[in-house]
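As stored in data24.cif (mmCIF, C-alpha atoms):
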```
data_input
loop_
_atom_site.label_atom_id
_atom_site.label_comp_id
_atom_site.auth_asym_id
_atom_site.auth_seq_id
_atom_site.Cartn_x
_atom_site.Cartn_y
_atom_site.Cartn_z
CA MET E 1 12.33 60.72 159.97
CA SER E 2 13.52 57.17 159.23
CA ALA E 3 13.91 55.99 155.63
CA ALA E 4 10.99 53.55 155.99
CA VAL E 5 8.65 56.17 157.40
CA ARG E 6 9.79 58.66 154.78
CA GLY E 7 8.84 56.23 152.02
CA TYR E 8 5.26 55.90 153.23
CA PHE E 9 5.03 59.64 153.86
CA GLU E 10 6.02 60.27 150.24
CA LEU E 11 3.21 57.99 149.07
CA THR E 12 0.73 60.51 150.48
CA ARG E 13 2.33 63.38 148.47
CA LEU E 14 2.25 65.53 151.60
CA HIS E 15 5.94 66.26 151.06
CA LYS E 16 5.03 68.07 147.83
CA PRO E 17 4.31 71.85 147.63
CA LEU E 18 1.05 72.94 149.26
CA MET E 19 -0.39 74.53 146.13
CA GLY E 20 -0.57 71.22 144.29
CA ASN E 21 -1.90 69.35 147.31
CA THR E 22 -4.84 71.73 147.78
CA LEU E 23 -6.27 71.47 144.25
CA MET E 24 -9.04 69.21 145.55
CA VAL E 25 -9.79 71.46 148.52
CA TRP E 26 -10.79 74.55 146.57
CA PRO E 27 -13.85 73.17 144.74
CA CYS E 28 -15.18 72.09 148.15
CA ALA E 29 -14.60 75.62 149.44
CA TRP E 30 -16.37 77.12 146.39
CA GLY E 31 -19.51 75.02 146.82
CA LEU E 32 -19.55 75.57 150.57
CA THR E 33 -19.17 79.34 150.32
CA ILE E 34 -21.84 79.71 147.65
CA ALA E 35 -24.26 77.69 149.78
CA ALA E 36 -23.32 79.61 152.94
CA ARG E 37 -24.21 82.90 151.25
CA LYS E 38 -27.46 81.43 149.95
CA VAL E 39 -28.73 80.44 153.43
CA ALA E 40 -26.89 83.15 155.46
CA LEU E 41 -24.90 80.51 157.35
CA PRO E 42 -23.30 82.00 160.50
CA LEU E 43 -19.56 82.53 160.11
CA PRO E 44 -18.51 80.16 162.97
CA GLU E 45 -20.56 77.34 161.46
CA PHE E 46 -19.09 78.11 158.05
CA ALA E 47 -15.55 77.97 159.48
CA HIS E 48 -16.29 74.61 161.13
CA LYS E 49 -17.61 73.11 157.90
CA LEU E 50 -14.70 74.54 155.91
CA ALA E 51 -12.23 72.90 158.31
CA LEU E 52 -14.01 69.55 157.96
CA PHE E 53 -14.06 69.73 154.16
CA THR E 54 -10.41 70.76 154.06
CA ALA E 55 -9.38 67.86 156.27
CA GLY E 56 -11.59 65.40 154.38
CA ALA E 57 -10.30 66.53 150.98
CA MET E 58 -6.66 66.31 152.08
CA PHE E 59 -7.10 62.81 153.53
CA LEU E 60 -8.99 61.63 150.44
CA HIS E 61 -6.38 63.16 148.12
CA SER E 62 -3.59 61.37 149.98
CA ALA E 63 -5.49 58.06 149.92
CA ALA E 64 -6.07 58.45 146.17
CA CYS E 65 -2.36 59.15 145.63
CA VAL E 66 -1.43 55.97 147.50
CA LEU E 67 -3.95 53.96 145.47
CA ASN E 68 -2.62 55.48 142.25
CA ASP E 69 0.93 54.41 143.13
CA ILE E 70 -0.27 50.89 143.98
CA CYS E 71 -1.99 50.52 140.62
CA ASP E 72 0.83 52.16 138.66
CA VAL E 73 3.82 50.46 140.26
CA GLU E 74 4.76 48.56 137.08
CA PHE E 75 4.37 51.66 134.92
CA ASP E 76 6.34 53.75 137.41
CA ARG E 77 9.31 51.39 137.17
CA GLN E 78 9.56 52.24 133.46
CA VAL E 79 9.17 56.04 133.71
CA GLU E 80 12.22 58.17 134.46
CA ARG E 81 10.39 60.68 136.68
CA THR E 82 8.63 58.05 138.82
CA LYS E 83 11.03 55.10 139.04
CA GLU E 84 12.38 56.35 142.39
CA ARG E 85 8.97 56.57 144.03
CA PRO E 86 8.65 54.46 147.21
CA LEU E 87 6.94 51.41 145.66
CA PRO E 88 9.01 50.89 142.49
CA SER E 89 12.22 51.66 144.39
CA GLY E 90 11.37 49.20 147.20
CA ARG E 91 11.26 51.82 149.98
CA ALA E 92 7.67 50.82 150.76
CA SER E 93 5.79 47.52 150.39
CA LEU E 94 2.49 46.93 148.59
CA LEU E 95 0.95 45.52 151.77
CA GLY E 96 2.03 48.58 153.72
CA ALA E 97 0.69 50.85 151.00
CA TRP E 98 -2.71 49.16 151.09
CA ALA E 99 -2.79 49.54 154.89
CA LEU E 100 -1.88 53.23 154.56
CA CYS E 101 -4.59 53.80 151.94
CA ALA E 102 -7.22 52.20 154.18
CA SER E 103 -6.09 54.19 157.23
CA LEU E 104 -6.32 57.46 155.29
CA LEU E 105 -9.91 56.67 154.34
CA ILE E 106 -10.98 56.16 157.95
CA PRO E 107 -11.22 59.89 158.82
CA VAL E 108 -12.97 60.56 155.50
CA LEU E 109 -15.63 57.96 156.28
CA TYR E 110 -15.89 59.25 159.85
CA ILE E 111 -16.65 62.78 158.60
CA LEU E 112 -19.20 61.39 156.14
CA SER E 113 -20.90 59.43 158.93
CA TYR E 114 -22.36 62.71 160.22
CA ALA E 115 -23.92 63.57 156.85
CA ASP E 116 -27.56 63.08 155.92
CA GLN E 117 -28.53 60.32 153.49
CA THR E 118 -28.21 62.38 150.29
CA ASN E 119 -24.89 63.91 151.29
CA LEU E 120 -23.56 60.54 152.42
CA LEU E 121 -24.43 58.98 149.07
CA MET E 122 -22.82 61.85 147.15
CA GLY E 123 -19.72 61.63 149.30
CA LEU E 124 -19.42 57.88 148.79
CA LEU E 125 -19.75 58.36 145.02
CA GLY E 126 -16.75 60.66 145.28
CA ILE E 127 -14.74 57.80 146.79
CA PHE E 128 -16.12 55.10 144.51
CA PRO E 129 -16.24 55.16 141.56
CA LEU E 130 -14.70 58.60 141.02
CA HIS E 131 -11.42 58.40 142.95
CA ALA E 132 -11.15 54.62 143.10
CA LEU E 133 -11.28 54.10 139.33
CA TYR E 134 -9.07 57.01 138.30
CA PRO E 135 -5.81 54.98 138.29
CA LEU E 136 -7.36 52.59 135.74
CA MET E 137 -8.56 55.32 133.39
CA LYS E 138 -5.12 55.83 131.84
CA ARG E 139 -5.41 52.21 130.65
CA TRP E 140 -8.97 52.52 129.34
CA THR E 141 -9.29 55.99 127.81
CA TRP E 142 -7.33 58.88 126.37
CA TRP E 143 -9.25 61.15 128.76
CA PRO E 144 -8.06 60.21 132.28
CA GLN E 145 -7.69 63.93 133.03
CA ALA E 146 -11.44 64.38 132.47
CA TRP E 147 -12.21 61.60 134.97
CA LEU E 148 -9.81 63.21 137.42
CA GLY E 149 -11.76 66.44 136.91
CA LEU E 150 -14.97 64.70 137.92
CA ALA E 151 -13.28 63.37 141.07
CA PHE E 152 -11.46 66.57 142.05
CA ASN E 153 -14.49 68.85 141.59
CA TRP E 154 -17.11 66.56 143.12
CA GLY E 155 -16.76 68.61 146.29
CA ILE E 156 -18.77 71.42 144.68
CA PRO E 157 -22.15 69.59 144.81
CA VAL E 158 -21.25 67.71 147.99
CA ALA E 159 -20.48 70.93 149.88
CA TRP E 160 -23.64 72.61 148.58
CA ILE E 161 -25.81 69.72 149.77
CA SER E 162 -24.12 69.69 153.18
CA VAL E 163 -25.37 73.24 153.80
CA THR E 164 -28.70 73.41 151.98
CA GLY E 165 -29.88 69.80 152.15
CA ARG E 166 -30.96 70.11 148.51
CA LEU E 167 -29.51 69.05 145.17
CA PRO E 168 -27.56 71.84 143.46
CA PRO E 169 -29.19 74.16 140.93
CA LEU E 170 -28.11 74.24 137.28
CA ALA E 171 -25.64 77.06 137.95
CA LEU E 172 -23.65 74.86 140.35
CA TRP E 173 -23.45 72.08 137.79
CA VAL E 174 -22.23 74.60 135.22
CA MET E 175 -19.49 75.64 137.66
CA PHE E 176 -18.73 71.94 138.13
CA VAL E 177 -18.22 71.53 134.37
CA GLY E 178 -15.92 74.55 134.43
CA GLY E 179 -13.97 72.95 137.26
CA VAL E 180 -13.59 69.75 135.23
CA CYS E 181 -12.16 71.78 132.35
CA TRP E 182 -9.79 73.52 134.77
CA THR E 183 -8.53 70.14 135.97
CA ILE E 184 -8.02 68.98 132.40
CA VAL E 185 -5.88 72.06 131.80
CA TYR E 186 -3.56 71.72 134.78
CA ASP E 187 -3.30 67.93 134.71
CA THR E 188 -2.62 67.87 130.97
CA ILE E 189 0.24 70.31 131.54
CA TYR E 190 1.46 68.06 134.38
CA ALA E 191 1.24 64.95 132.18
CA CYS E 192 3.47 66.59 129.58
CA GLN E 193 6.42 65.74 131.84
CA ASP E 194 6.05 62.07 130.92
CA ARG E 195 4.84 62.18 127.30
CA GLU E 196 7.70 60.19 125.79
CA ASP E 197 7.76 57.57 128.56
CA ASP E 198 3.96 57.27 128.53
CA ARG E 199 3.95 56.72 124.77
CA ARG E 200 6.58 54.00 125.15
CA VAL E 201 4.87 52.08 128.00
CA GLY E 202 1.29 52.50 126.76
CA VAL E 203 -0.14 55.02 129.24
CA LYS E 204 -2.92 57.18 127.79
CA SER E 205 -3.42 60.87 128.52
CA THR E 206 -4.77 64.08 127.03
CA ALA E 207 -1.16 65.27 126.82
CA LEU E 208 -0.66 62.63 124.10
CA LEU E 209 -4.16 62.88 122.64
CA PHE E 210 -4.00 66.63 122.00
CA GLY E 211 -0.63 66.33 120.30
CA GLU E 212 0.60 69.42 118.47
CA HIS E 213 -2.71 71.21 119.10
CA ILE E 214 -2.36 71.02 122.88
CA ARG E 215 -2.08 74.76 123.54
CA GLU E 216 -5.09 75.58 121.38
CA ILE E 217 -7.25 72.87 122.98
CA LEU E 218 -6.26 73.95 126.48
CA GLY E 219 -7.20 77.49 125.44
CA ILE E 220 -10.69 76.21 124.62
CA MET E 221 -10.87 74.51 128.02
CA VAL E 222 -9.89 77.78 129.69
CA GLY E 223 -12.64 79.52 127.72
CA VAL E 224 -15.21 77.03 129.03
CA LEU E 225 -13.95 77.59 132.58
CA LEU E 226 -14.27 81.37 132.26
CA ALA E 227 -17.71 81.13 130.63
CA SER E 228 -18.90 78.79 133.38
CA LEU E 229 -17.76 81.24 136.06
CA VAL E 230 -19.51 84.17 134.38
CA TYR E 231 -22.76 82.24 133.91
CA SER E 232 -22.84 80.69 137.37
CA GLY E 233 -21.97 84.00 139.00
CA TYR E 234 -24.79 85.74 137.16
CA ALA E 235 -27.32 82.97 137.79
CA LEU E 236 -26.46 82.78 141.50
CA GLY E 237 -26.52 86.55 141.98
CA GLN E 238 -22.90 86.80 143.06
CA GLY E 239 -21.51 90.26 143.67
CA LEU E 240 -18.51 92.45 142.97
CA GLY E 241 -16.04 90.18 144.76
CA PHE E 242 -16.82 87.28 142.45
CA ALA E 243 -16.75 89.45 139.34
CA VAL E 244 -13.40 91.10 140.11
CA LEU E 245 -11.48 88.49 142.10
CA SER E 246 -12.91 85.19 140.90
CA CYS E 247 -13.56 85.93 137.22
CA GLY E 248 -10.91 88.62 136.77
CA GLY E 249 -8.23 86.76 138.70
CA THR E 250 -8.89 83.52 136.82
CA LEU E 251 -8.74 85.33 133.48
CA LEU E 252 -5.38 86.93 134.31
CA HIS E 253 -3.83 83.74 135.65
CA THR E 254 -4.97 81.44 132.85
CA VAL E 255 -3.89 83.87 130.13
CA TRP E 256 -0.49 84.21 131.81
CA GLN E 257 -0.24 80.44 132.24
CA LEU E 258 -0.83 79.52 128.60
CA ALA E 259 1.15 82.47 127.25
CA THR E 260 4.28 81.69 129.27
CA TRP E 261 4.12 77.89 129.41
CA ASP E 262 7.30 76.44 127.93
CA GLU E 263 6.41 73.04 126.46
CA GLY E 264 10.07 72.15 126.10
CA ASN E 265 10.93 72.79 129.75
CA LEU E 266 10.08 69.84 132.01
CA LYS E 267 10.43 71.96 135.16
CA ASP E 268 7.93 74.48 133.80
CA HIS E 269 5.27 71.77 133.47
CA ARG E 270 5.46 71.16 137.21
CA ALA E 271 5.64 74.87 138.04
CA LYS E 272 2.57 75.70 135.95
CA PHE E 273 0.67 72.78 137.45
CA GLU E 274 1.37 73.95 141.00
CA SER E 275 0.49 77.55 140.14
CA ASN E 276 -3.12 76.49 139.63
CA GLY E 277 -3.54 76.52 143.38
CA LEU E 278 -3.72 80.29 142.91
CA VAL E 279 -6.75 79.87 140.65
CA GLY E 280 -8.52 77.93 143.38
CA ILE E 281 -7.65 80.61 145.91
CA VAL E 282 -8.76 83.63 143.86
CA ILE E 283 -12.07 82.01 142.94
CA TRP E 284 -12.70 81.26 146.61
CA LEU E 285 -11.64 84.72 147.79
CA GLY E 286 -14.21 86.36 145.51
CA LEU E 287 -16.92 84.02 146.76
CA PHE E 288 -15.87 84.55 150.38
CA TYR E 289 -15.94 88.34 149.99
CA ASP E 290 -19.51 88.18 148.66
CA TYR E 291 -20.53 85.83 151.47
CA VAL E 292 -19.11 88.07 154.22
CA GLN E 293 -20.71 91.12 152.62
CA SER E 294 -24.08 89.38 152.75
CA LEU E 295 -23.99 88.68 156.49
#
```
As structure tokens, how would this structure be written, given the file I've shared?
Amino acid sequence: MSAAVRGYFELTRLHKPLMGNTLMVWPCAWGLTIAARKVALPLPEFAHKLALFTAGAMFLHSAACVLNDICDVEFDRQVERTKERPLPSGRASLLGAWALCASLLIPVLYILSYADQTNLLMGLLGIFPLHALYPLMKRWTWWPQAWLGLAFNWGIPVAWISVTGRLPPLALWVMFVGGVCWTIVYDTIYACQDREDDRRVGVKSTALLFGEHIREILGIMVGVLLASLVYSGYALGQGLGFAVLSCGGTLLHTVWQLATWDEGNLKDHRAKFESNGLVGIVIWLGLFYDYVQSL
């Protein structure tokens, strides 16, 4: 791969570990699997929809990463961890980055073109304002991680609507809130890598906002996530798979994560962030088990 191509490839983050790159896929899979069980969706049709949502989420995630780097290029030049990214280092141009961002959105819009009116509208809201405005949130609010949570978990209601044709029930919105709290947890840990640089250049984040109480506040967020899973599972009539794998697995992982997280170790921030892909997987596996059992 040539140096020029490599620079644009890195803008998409596809060179990063898979666990971190799939964090937006799993909420889509949760909503889809819950809806599939609700309407007894045939397994081949479920697999087809899951493939479409996976592809759409990956393309949208990559487009959002490119847009984020475009908006943050001046900040990135001043942050140790990001100053060698393709745009601040000159390995990619702004014009090329804009063209790449637009090209990554084409397959997303193509997939949405087959949706009904309600699903199309919900999908477009996921692109704008949710993903499109995220890069600006770190300038406007101390809670950019909460906005990212809205964007990353929007796939829950979108996937539900794609199967049922109806707006989600309260239980799905409760799970959505839990997903937002989950995102706040892992992205706050991720943002801790840059706390000193962010404070110096004026970037806002929950990693700075929570200060010395960060572990306790993230513990509260984990509690909301777990409570949301228990409530939504009960309200939706989920079975043993969800109780054991989804709720139990999430409990074990999040307790381990907060108990072993080393705030003074920059490498551990990244490792704990990436490990959250396991949370997405175990929640989905419990839902998938219940869905298959219902067929």
Suppose a student applies the PyMOL selection byres ((chain E and resi 245) around 7) to this structure; what residues should they get, written as a list in words?
Gly241, Phe242, Ala243, Val244, Ser246, Cys247, Gly248, Gly249, Val282, Ile283, Leu285 and Gly286 of chain E
Give me the result of the PyMOL selection byres ((chain E and resi 263) around 10) on this file, residue by residue, as a ChimeraX atom specification.
/E:189,192-193,214-215,258,260-262,264-269
Please determine, counting only C-alpha atoms, which residue among E:Val163, E:Ile106, E:Asp116, E:Met24 has the shortest atom-to-atom distance to E:His131.
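Selected residue with least distance to E:His131: E:Met24.
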Closest to E:Gly123 among E:Cys28, E:Leu208, E:Ile34, E:Val79, using all atoms listed in the file?
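Of the candidates, the smallest distance to E:Gly123 is held by E:Cys28.
For the atom pair formed by atom CA of E:Leu295 and atom CA of E:Ala40, the distance is 6.3 Å, given to one decimal.
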E:Trp30 environment, 9 Å, all atoms listed in the file, sequence neighbours closer than 6 positions dropped, as a list in words
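Here the qualifying residues turn out to be Gly155, Ile156, Ala159, Trp160, Gly280, Ile283, Trp284, Leu287 and Phe288 of chain E.
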Output the selection as an mmCIF file, in the frame of the given file - C-alpha atoms for each residue.
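See part34.cif below for the written result:
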```cif
data_model
loop_
_atom_site.group_PDB
_atom_site.id
_atom_site.type_symbol
_atom_site.label_atom_id
_atom_site.label_comp_id
_atom_site.auth_asym_id
_atom_site.auth_seq_id
_atom_site.Cartn_x
_atom_site.Cartn_y
_atom_site.Cartn_z
ATOM 1 C CA GLY E 155 -16.760 68.610 146.290
ATOM 2 C CA ILE E 156 -18.770 71.420 144.680
ATOM 3 C CA ALA E 159 -20.480 70.930 149.880
ATOM 4 C CA TRP E 160 -23.640 72.610 148.580
ATOM 5 C CA GLY E 280 -8.520 77.930 143.380
ATOM 6 C CA ILE E 283 -12.070 82.010 142.940
ATOM 7 C CA TRP E 284 -12.700 81.260 146.610
ATOM 8 C CA LEU E 287 -16.920 84.020 146.760
ATOM 9 C CA PHE E 288 -15.870 84.550 150.380
#
```
Please evaluate the PyMOL selection byres ((chain E and resi 233) around 10) against the structure above and give the resulting residues as a PDB file with C-alpha atoms, in the coordinates of the input.
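Result written to expr06.pdb:
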```pdb
ATOM      1  CA  ILE E  34     -21.840  79.710 147.650  1.00  0.00           C
ATOM      2  CA  ALA E 171     -25.640  77.060 137.950  1.00  0.00           C
ATOM      3  CA  LEU E 172     -23.650  74.860 140.350  1.00  0.00           C
ATOM      4  CA  MET E 175     -19.490  75.640 137.660  1.00  0.00           C
ATOM      5  CA  ALA E 227     -17.710  81.130 130.630  1.00  0.00           C
ATOM      6  CA  SER E 228     -18.900  78.790 133.380  1.00  0.00           C
ATOM      7  CA  LEU E 229     -17.760  81.240 136.060  1.00  0.00           C
ATOM      8  CA  VAL E 230     -19.510  84.170 134.380  1.00  0.00           C
ATOM      9  CA  TYR E 231     -22.760  82.240 133.910  1.00  0.00           C
ATOM     10  CA  SER E 232     -22.840  80.690 137.370  1.00  0.00           C
ATOM     11  CA  TYR E 234     -24.790  85.740 137.160  1.00  0.00           C
ATOM     12  CA  ALA E 235     -27.320  82.970 137.790  1.00  0.00           C
ATOM     13  CA  LEU E 236     -26.460  82.780 141.500  1.00  0.00           C
ATOM     14  CA  GLY E 237     -26.520  86.550 141.980  1.00  0.00           C
ATOM     15  CA  GLN E 238     -22.900  86.800 143.060  1.00  0.00           C
ATOM     16  CA  GLY E 239     -21.510  90.260 143.670  1.00  0.00           C
ATOM     17  CA  LEU E 240     -18.510  92.450 142.970  1.00  0.00           C
ATOM     18  CA  PHE E 242     -16.820  87.280 142.450  1.00  0.00           C
ATOM     19  CA  ALA E 243     -16.750  89.450 139.340  1.00  0.00           C
ATOM     20  CA  SER E 246     -12.910  85.190 140.900  1.00  0.00           C
ATOM     21  CA  CYS E 247     -13.560  85.930 137.220  1.00  0.00           C
ATOM     22  CA  LEU E 287     -16.920  84.020 146.760  1.00  0.00           C
TER      23      LEU E 287
END
```
Just how far from atom CA of E:Gly179 is atom CA of E:Ser294, in Å to one decimal?
24.7 Å
Name the closest residue to E:Glu10 among the candidates E:His213, E:Lys204, E:Lys138, E:Arg91; distances are taken between atoms, counting all atoms listed in the file.
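Smallest separation from E:Glu10 among the options: E:Arg91.
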